[in-house]
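The structure under discussion appears below in the form of structure tokens.
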Protein chains: 2
Amino acid sequence: MTELRVIPVEGLPEVSEGAKLGELIAARAELQNGDVVVISQKVVSKAEGMVRRLAEVEPSARAIELANKLDKDPALVELILNESQEILREDRVLITETHHGFVCANAGIDTSNLPEQGTVCLLPEDPDASARRIRTELTTRVAVVIADSFGRAWRVGQAEVAIGCAGLAPLDDWRGREDAHGRELTATSIAIADQVASAADLVRVKDSGIPAAIVRGLDRYVAAEDGPGAAALRRPPAEDLFR
Amino acid sequence: MTELRVIPVEGLPEVSEGAKLGELIAARAELQNGDVVVISQKVVSKAEGMVRRLAEVEPSARAIELANKLDKDPALVELILNESQEILREDRVLITETHHGFVCANAGIDTSNLPEQGTVCLLPEDPDASARRIRTELTTRVAVVIADSFGRAWRVGQAEVAIGCAGLAPLDDWRGREDAHGRELTATSIAIADQVASAADLVRVKDSGIPAAIVRGLDRYVAAEDGPGAAALRRPPAEDLFR
């Protein structure tokens with residue numbers, strides 16, 4: 001069993017719309033075959049032009065009503081509603097299902113680590129497609145994960161999950177296989193891509209400005225095909241017991 | 001920014017009741033100050049005598065009724081009820097709050113990777129106390145995390161979380177601090193101990209029989225004091241929007 005290494009990618013410039021993240025990372029990291037490149041959602045969103053000015057948003061009556069109830073900016077609430085297909089909770093915090101199918105706070109819209117006051121950052125429109133596109137800019141056979149920090153229903157604090165991936169098996173499904181004693185494993189499907197995102201976060205301290213890390217030692221989960229992406233990690237609403 | 005290394009601890013013997021896990025690990029790993037030793041829940045439970053024979057369990061009428069509904073073993077359901085203070089869902093799967101306050105499937109009781117047929121394994125009675133005790137058996141200044149795989153409400157697959165820890169800051173709380181652009185971070189508290197558990201799982205392939213790993217490079221979160229433990233990661237029921 002080999003060890004795992006998580007290596008921060010340092011020296012990336014401030015990213016603006018149109019930046020080619022794959023090329024920027026490849027120039028600053030000595031990538032090896034089988035590496036997983038984990039990139040923070042925010043830098044992907046910036047490169048894709050997903051930053052919005054709150055002053056340019058016209059809040060609806062529903063957004064104003066919700067904003068008053070939650071003590072939030074009506075323009076921000078309007079953007080959250082635009083990005084959501086369903087509101088799950090509007091009590092203290094706004095938990096929604098985004099148009100992608102992610103269940104998270106504020107539709108994943110974030111206000112921190114943006115250079116300009118009065119701007120916020122939406123999630124990428126299709127994070128699996130973003131991962132696939134960035135992957136084409138990388139020169140060696142590596143996988144790409146796009147990571148964002150999500151809260152959890154019953155745990156305090158946030159942990160990073162994969163909102164997009166390409167070239168990495170998102171799940172390692174042991175159902176039907178046997179354990180070390182020959183007994184069938186009944187319900188063990190491991191969220192590899194989410195755990196990779198969490199591992200990478202441990203070298204990306206929030207004020208360090210390091211938006212990417214390399215996870216090395218997971219060659220067994222890296223494939224030439226892009227694969228199903230992080231879409232495979234979204235629980236279908238029909239199997240959801242907690243909404 | 002230093003890189004992170006995750007190193008599997010190999011060559012541990014099959015663990016039985018009374019085993020001193022800290023001593024066994026210290027003899028097989030070259031521990032350094034600031035290391036985090038992540039240990040699988042199951043091996044801790046075995047060392048603490050938390051294995052139960054289903055044939056010795058007398059199921060209650062309530063357990064038999066639930067077992068019929070869910071197509072489970074009534075003795076297993078009886079143990080799950082014993083370990084739980086509240087049932088959250090009994091539809092297809094049994095999601096409960098354990099006496100510790102963990103929300104998880106089957107009260108964390110597991111049937112895989114046990115040498116004897118007809119036995120199951122309960123969670124440790126007090127996993128933070130387990131972590132503190134194991135820590136006293138380790139010779140250098142290291143932290144201990146006890147990890148278990150939990151399902152997630154809205155994500156497919158399981159990810160490892162910290163059910164116990166000692167000597168590691170479980171949360172890195174950035175609320176009130178400023179981002180790289182001087183804007184206040186409003187709601188960013190990072191579940192360090194859970195992310196450490198997830199990182200360690202990536203070197204502990206399920207059939208490898210490797211129940212422990214060292215995470216190196218997190219010295220900034222390791223302290224001489226045992227600290228609040230993983231109890232700090234359990235969301236208080238009053239703040240729970242999803243039960």
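Labels used: A, B, ... for chains in the order of the structure tokens, numbers from 1 for residues in each chain, and numbers from 1 for ligands as shown.
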For the contact check between chain A and chain B, emit one row per residue of chain A within 6 Å, containing the shortest atom pair and the distance in Å rounded to one decimal, counting only C-alpha atoms, chain then rising number order, as a tab-separated table.
```
residue	atom	partner	partner_atom	distance
A:Glu3	CA	B:Ile7	CA	4.7
A:Leu4	CA	B:Val6	CA	4.9
A:Arg5	CA	B:Arg5	CA	4.6
A:Val6	CA	B:Leu4	CA	4.9
A:Ile7	CA	B:Glu3	CA	4.7
A:Asn113	CA	B:Asp179	CA	5.6
A:Pro115	CA	B:His181	CA	5.9
A:Trp154	CA	B:Arg235	CA	5.2
A:Arg155	CA	B:Arg235	CA	4.8
A:Val156	CA	B:Leu233	CA	4.7
A:Gly157	CA	B:Ser189	CA	4.8
A:Gln158	CA	B:Ile190	CA	5.0
A:Ala159	CA	B:Ala191	CA	5.7
A:Asp179	CA	B:Asn113	CA	5.6
A:Ala180	CA	B:Asp207	CA	5.2
A:His181	CA	B:Pro115	CA	5.9
A:Ser189	CA	B:Gly157	CA	4.8
A:Ile190	CA	B:Gln158	CA	5.0
A:Ala191	CA	B:Gly157	CA	4.9
A:Gln195	CA	B:Ser198	CA	5.0
A:Ser198	CA	B:Gln195	CA	5.0
A:Ala199	CA	B:Ala199	CA	4.6
A:Asp207	CA	B:Ala180	CA	5.2
A:Leu233	CA	B:Val156	CA	4.7
A:Arg234	CA	B:Arg155	CA	4.9
A:Arg235	CA	B:Arg155	CA	4.8
```
Go ahead and write the residues just picked, C-alpha atoms, as a compact mmCIF listing (two decimals), in the first residue's frame.
```
# COMPACT_ATOMS: atom_id res chain seq x y z
CA GLU A 3 1.22 6.49 0.87
CA LEU A 4 -0.80 9.47 -0.26
CA ARG A 5 0.67 12.92 -0.78
CA VAL A 6 -1.30 16.17 -0.92
CA ILE A 7 0.76 18.96 -2.47
CA ASN A 113 -12.42 35.94 -1.26
CA PRO A 115 -11.53 41.23 -4.87
CA TRP A 154 -26.05 16.63 11.62
CA ARG A 155 -22.43 17.72 11.94
CA VAL A 156 -20.99 21.08 12.88
CA GLY A 157 -18.67 22.81 10.41
CA GLN A 158 -18.17 22.44 6.70
CA ALA A 159 -16.30 19.78 4.75
CA ASP A 179 -14.62 -8.44 3.38
CA ALA A 180 -11.26 -9.82 4.61
CA HIS A 181 -13.14 -12.70 6.32
CA SER A 189 -19.95 2.47 -1.29
CA ILE A 190 -17.16 4.91 -0.62
CA ALA A 191 -17.42 8.51 -1.79
CA GLN A 195 -12.83 12.32 0.40
CA SER A 198 -11.59 16.93 1.89
CA ALA A 199 -7.97 15.75 1.84
CA ASP A 207 -6.36 32.90 3.81
CA LEU A 233 -22.66 11.59 -5.87
CA ARG A 234 -25.96 13.48 -5.84
CA ARG A 235 -28.61 11.44 -4.08
```
DSSP says strand (DSSP E or B) for which residues of region 34-157 of chain A? Put them as a ChimeraX atom specification?
/A:36-40,51-53,84-91,93-98,103-105,110,119-121,143-151,155
May I have the selected residues written with N, CA and C atoms, as an mmCIF file, in the first residue's frame?
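Final file, result.cif:
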```
data_model
loop_
_atom_site.group_PDB
_atom_site.id
_atom_site.type_symbol
_atom_site.label_atom_id
_atom_site.label_comp_id
_atom_site.auth_asym_id
_atom_site.auth_seq_id
_atom_site.Cartn_x
_atom_site.Cartn_y
_atom_site.Cartn_z
ATOM 1 N N VAL A 36 -4.352 13.498 -9.031
ATOM 2 C CA VAL A 36 -5.664 14.149 -9.040
ATOM 3 C C VAL A 36 -5.443 15.628 -8.719
ATOM 4 N N VAL A 37 -5.886 16.502 -9.611
ATOM 5 C CA VAL A 37 -5.780 17.950 -9.411
ATOM 6 C C VAL A 37 -7.095 18.433 -8.815
ATOM 7 N N VAL A 38 -7.042 18.937 -7.589
ATOM 8 C CA VAL A 38 -8.256 19.415 -6.918
ATOM 9 C C VAL A 38 -8.260 20.937 -6.948
ATOM 10 N N ILE A 39 -9.321 21.520 -7.482
ATOM 11 C CA ILE A 39 -9.394 22.972 -7.679
ATOM 12 C C ILE A 39 -10.595 23.517 -6.922
ATOM 13 N N SER A 40 -10.381 24.617 -6.237
ATOM 14 C CA SER A 40 -11.454 25.254 -5.484
ATOM 15 C C SER A 40 -12.534 25.793 -6.423
ATOM 16 N N VAL A 51 -19.175 35.640 -11.491
ATOM 17 C CA VAL A 51 -19.253 36.686 -10.469
ATOM 18 C C VAL A 51 -20.378 37.647 -10.849
ATOM 19 N N ARG A 52 -21.179 38.023 -9.855
ATOM 20 C CA ARG A 52 -22.315 38.922 -10.099
ATOM 21 C C ARG A 52 -22.236 40.131 -9.169
ATOM 22 N N ARG A 53 -22.618 41.308 -9.693
ATOM 23 C CA ARG A 53 -22.718 42.520 -8.861
ATOM 24 C C ARG A 53 -24.106 42.596 -8.243
ATOM 25 N N SER A 84 -31.873 28.095 -7.695
ATOM 26 C CA SER A 84 -32.464 26.959 -6.989
ATOM 27 C C SER A 84 -33.686 26.420 -7.708
ATOM 28 N N GLN A 85 -33.898 25.113 -7.584
ATOM 29 C CA GLN A 85 -35.136 24.525 -8.087
ATOM 30 C C GLN A 85 -36.103 24.215 -6.964
ATOM 31 N N GLU A 86 -35.608 24.195 -5.694
ATOM 32 C CA GLU A 86 -36.502 23.938 -4.567
ATOM 33 C C GLU A 86 -35.891 24.521 -3.295
ATOM 34 N N ILE A 87 -36.739 25.141 -2.476
ATOM 35 C CA ILE A 87 -36.278 25.595 -1.162
ATOM 36 C C ILE A 87 -36.612 24.508 -0.146
ATOM 37 N N LEU A 88 -35.597 24.001 0.568
ATOM 38 C CA LEU A 88 -35.842 22.957 1.566
ATOM 39 C C LEU A 88 -36.103 23.557 2.948
ATOM 40 N N ARG A 89 -35.324 24.561 3.336
ATOM 41 C CA ARG A 89 -35.503 25.214 4.628
ATOM 42 C C ARG A 89 -35.274 26.708 4.471
ATOM 43 N N GLU A 90 -36.136 27.490 5.115
ATOM 44 C CA GLU A 90 -35.938 28.943 5.098
ATOM 45 C C GLU A 90 -36.055 29.452 6.529
ATOM 46 N N ASP A 91 -35.480 28.697 7.453
ATOM 47 C CA ASP A 91 -35.574 28.991 8.872
ATOM 48 C C ASP A 91 -34.144 29.221 9.372
ATOM 49 N N VAL A 93 -31.389 29.719 8.154
ATOM 50 C CA VAL A 93 -30.551 29.667 6.962
ATOM 51 C C VAL A 93 -31.427 29.253 5.777
ATOM 52 N N LEU A 94 -30.897 29.491 4.591
ATOM 53 C CA LEU A 94 -31.625 29.154 3.372
ATOM 54 C C LEU A 94 -30.948 27.926 2.769
ATOM 55 N N ILE A 95 -31.605 26.758 2.886
ATOM 56 C CA ILE A 95 -31.079 25.526 2.317
ATOM 57 C C ILE A 95 -31.917 25.203 1.093
ATOM 58 N N THR A 96 -31.291 25.094 -0.048
ATOM 59 C CA THR A 96 -32.034 24.837 -1.271
ATOM 60 C C THR A 96 -31.419 23.677 -2.038
ATOM 61 N N GLU A 97 -32.203 23.174 -3.008
ATOM 62 C CA GLU A 97 -31.617 22.314 -4.023
ATOM 63 C C GLU A 97 -31.344 23.182 -5.237
ATOM 64 N N THR A 98 -30.088 23.204 -5.660
ATOM 65 C CA THR A 98 -29.722 24.052 -6.796
ATOM 66 C C THR A 98 -30.235 23.426 -8.094
ATOM 67 N N VAL A 103 -27.813 19.931 -2.690
ATOM 68 C CA VAL A 103 -28.507 20.474 -1.529
ATOM 69 C C VAL A 103 -27.467 21.169 -0.663
ATOM 70 N N CYS A 104 -27.580 22.483 -0.550
ATOM 71 C CA CYS A 104 -26.586 23.232 0.220
ATOM 72 C C CYS A 104 -27.150 24.589 0.631
ATOM 73 N N ALA A 105 -26.400 25.286 1.468
ATOM 74 C CA ALA A 105 -26.836 26.598 1.949
ATOM 75 C C ALA A 105 -26.644 27.631 0.850
ATOM 76 N N ASP A 110 -21.323 32.440 -2.760
ATOM 77 C CA ASP A 110 -20.344 32.798 -1.742
ATOM 78 C C ASP A 110 -19.945 34.257 -1.911
ATOM 79 N N THR A 119 -19.774 42.169 -4.784
ATOM 80 C CA THR A 119 -19.904 41.081 -5.760
ATOM 81 C C THR A 119 -20.030 39.754 -5.018
ATOM 82 N N VAL A 120 -20.673 38.801 -5.654
ATOM 83 C CA VAL A 120 -20.792 37.435 -5.125
ATOM 84 C C VAL A 120 -20.498 36.475 -6.269
ATOM 85 N N CYS A 121 -20.323 35.217 -5.910
ATOM 86 C CA CYS A 121 -19.862 34.243 -6.881
ATOM 87 C C CYS A 121 -20.821 33.053 -6.900
ATOM 88 N N ALA A 143 -6.474 13.313 -13.252
ATOM 89 C CA ALA A 143 -7.901 13.549 -13.045
ATOM 90 C C ALA A 143 -8.096 14.941 -12.467
ATOM 91 N N VAL A 144 -9.308 15.454 -12.577
ATOM 92 C CA VAL A 144 -9.633 16.788 -12.060
ATOM 93 C C VAL A 144 -10.851 16.691 -11.143
ATOM 94 N N VAL A 145 -10.759 17.333 -9.977
ATOM 95 C CA VAL A 145 -11.895 17.459 -9.057
ATOM 96 C C VAL A 145 -12.128 18.949 -8.796
ATOM 97 N N ILE A 146 -13.370 19.375 -8.839
ATOM 98 C CA ILE A 146 -13.734 20.734 -8.424
ATOM 99 C C ILE A 146 -14.435 20.624 -7.080
ATOM 100 N N ALA A 147 -13.890 21.335 -6.086
ATOM 101 C CA ALA A 147 -14.307 21.132 -4.693
ATOM 102 C C ALA A 147 -14.970 22.365 -4.126
ATOM 103 N N ASP A 148 -15.973 22.144 -3.288
ATOM 104 C CA ASP A 148 -16.618 23.241 -2.575
ATOM 105 C C ASP A 148 -16.953 22.764 -1.165
ATOM 106 N N SER A 149 -17.043 23.708 -0.238
ATOM 107 C CA SER A 149 -17.328 23.330 1.153
ATOM 108 C C SER A 149 -18.825 23.387 1.395
ATOM 109 N N PHE A 150 -19.376 22.274 1.867
ATOM 110 C CA PHE A 150 -20.804 22.152 2.158
ATOM 111 C C PHE A 150 -20.979 21.908 3.664
ATOM 112 N N GLY A 151 -22.049 22.453 4.214
ATOM 113 C CA GLY A 151 -22.447 22.062 5.557
ATOM 114 C C GLY A 151 -23.058 20.677 5.543
ATOM 115 N N ARG A 155 -23.797 17.496 11.462
ATOM 116 C CA ARG A 155 -22.434 17.721 11.936
ATOM 117 C C ARG A 155 -22.147 19.215 11.884
#
```
Using only C-alpha atoms, which of the listed residues (A:Ala212, A:Asp71, A:Val222, A:Ile109) sits closest to Leu12 (chain A)?
A:Ala212
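Among the candidate residues B:Gly18, B:Ala75, B:Gly49, B:Gly167, the one lying nearest to Arg141 (chain B) is B:Gly167, with distances computed using only C-alpha atoms.
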Which neighbours of Gly227 (chain B) fall inside 10 Å, counting only C-alpha atoms, when residues of the same chain fewer than 6 positions from it are skipped, and could you give them as a PyMOL selection string?
chain B and resi 128+132+165-170
Can you tell me how far CA of Gly176 (chain A) sits from CA of Ala162 (chain B), in Å to one decimal?
26.3 Å
Of the listed residues A:Arg28, A:Lys69, A:Arg175, A:Lys42, that which approaches Gly108 (chain A) most closely, counting only C-alpha atoms
A:Lys42
Show me, as a PyMOL selection string, the residues that have an atom within 6 Å of Lys46 (chain A) when counting only C-alpha atoms, minus same-chain residues fewer than 3 positions from it.
chain A and resi 16-17+43+49-50
Identify all residues of chain B in alpha helix (DSSP H) (DSSP on the backbone) and supply them as a PyMOL selection string.
chain B and resi 21-28+41-47+61-70+74-82+127-136+192-201
The distance between CA of Glu58 (chain B) and CA of Asp73 (chain B) is 11.5 Å
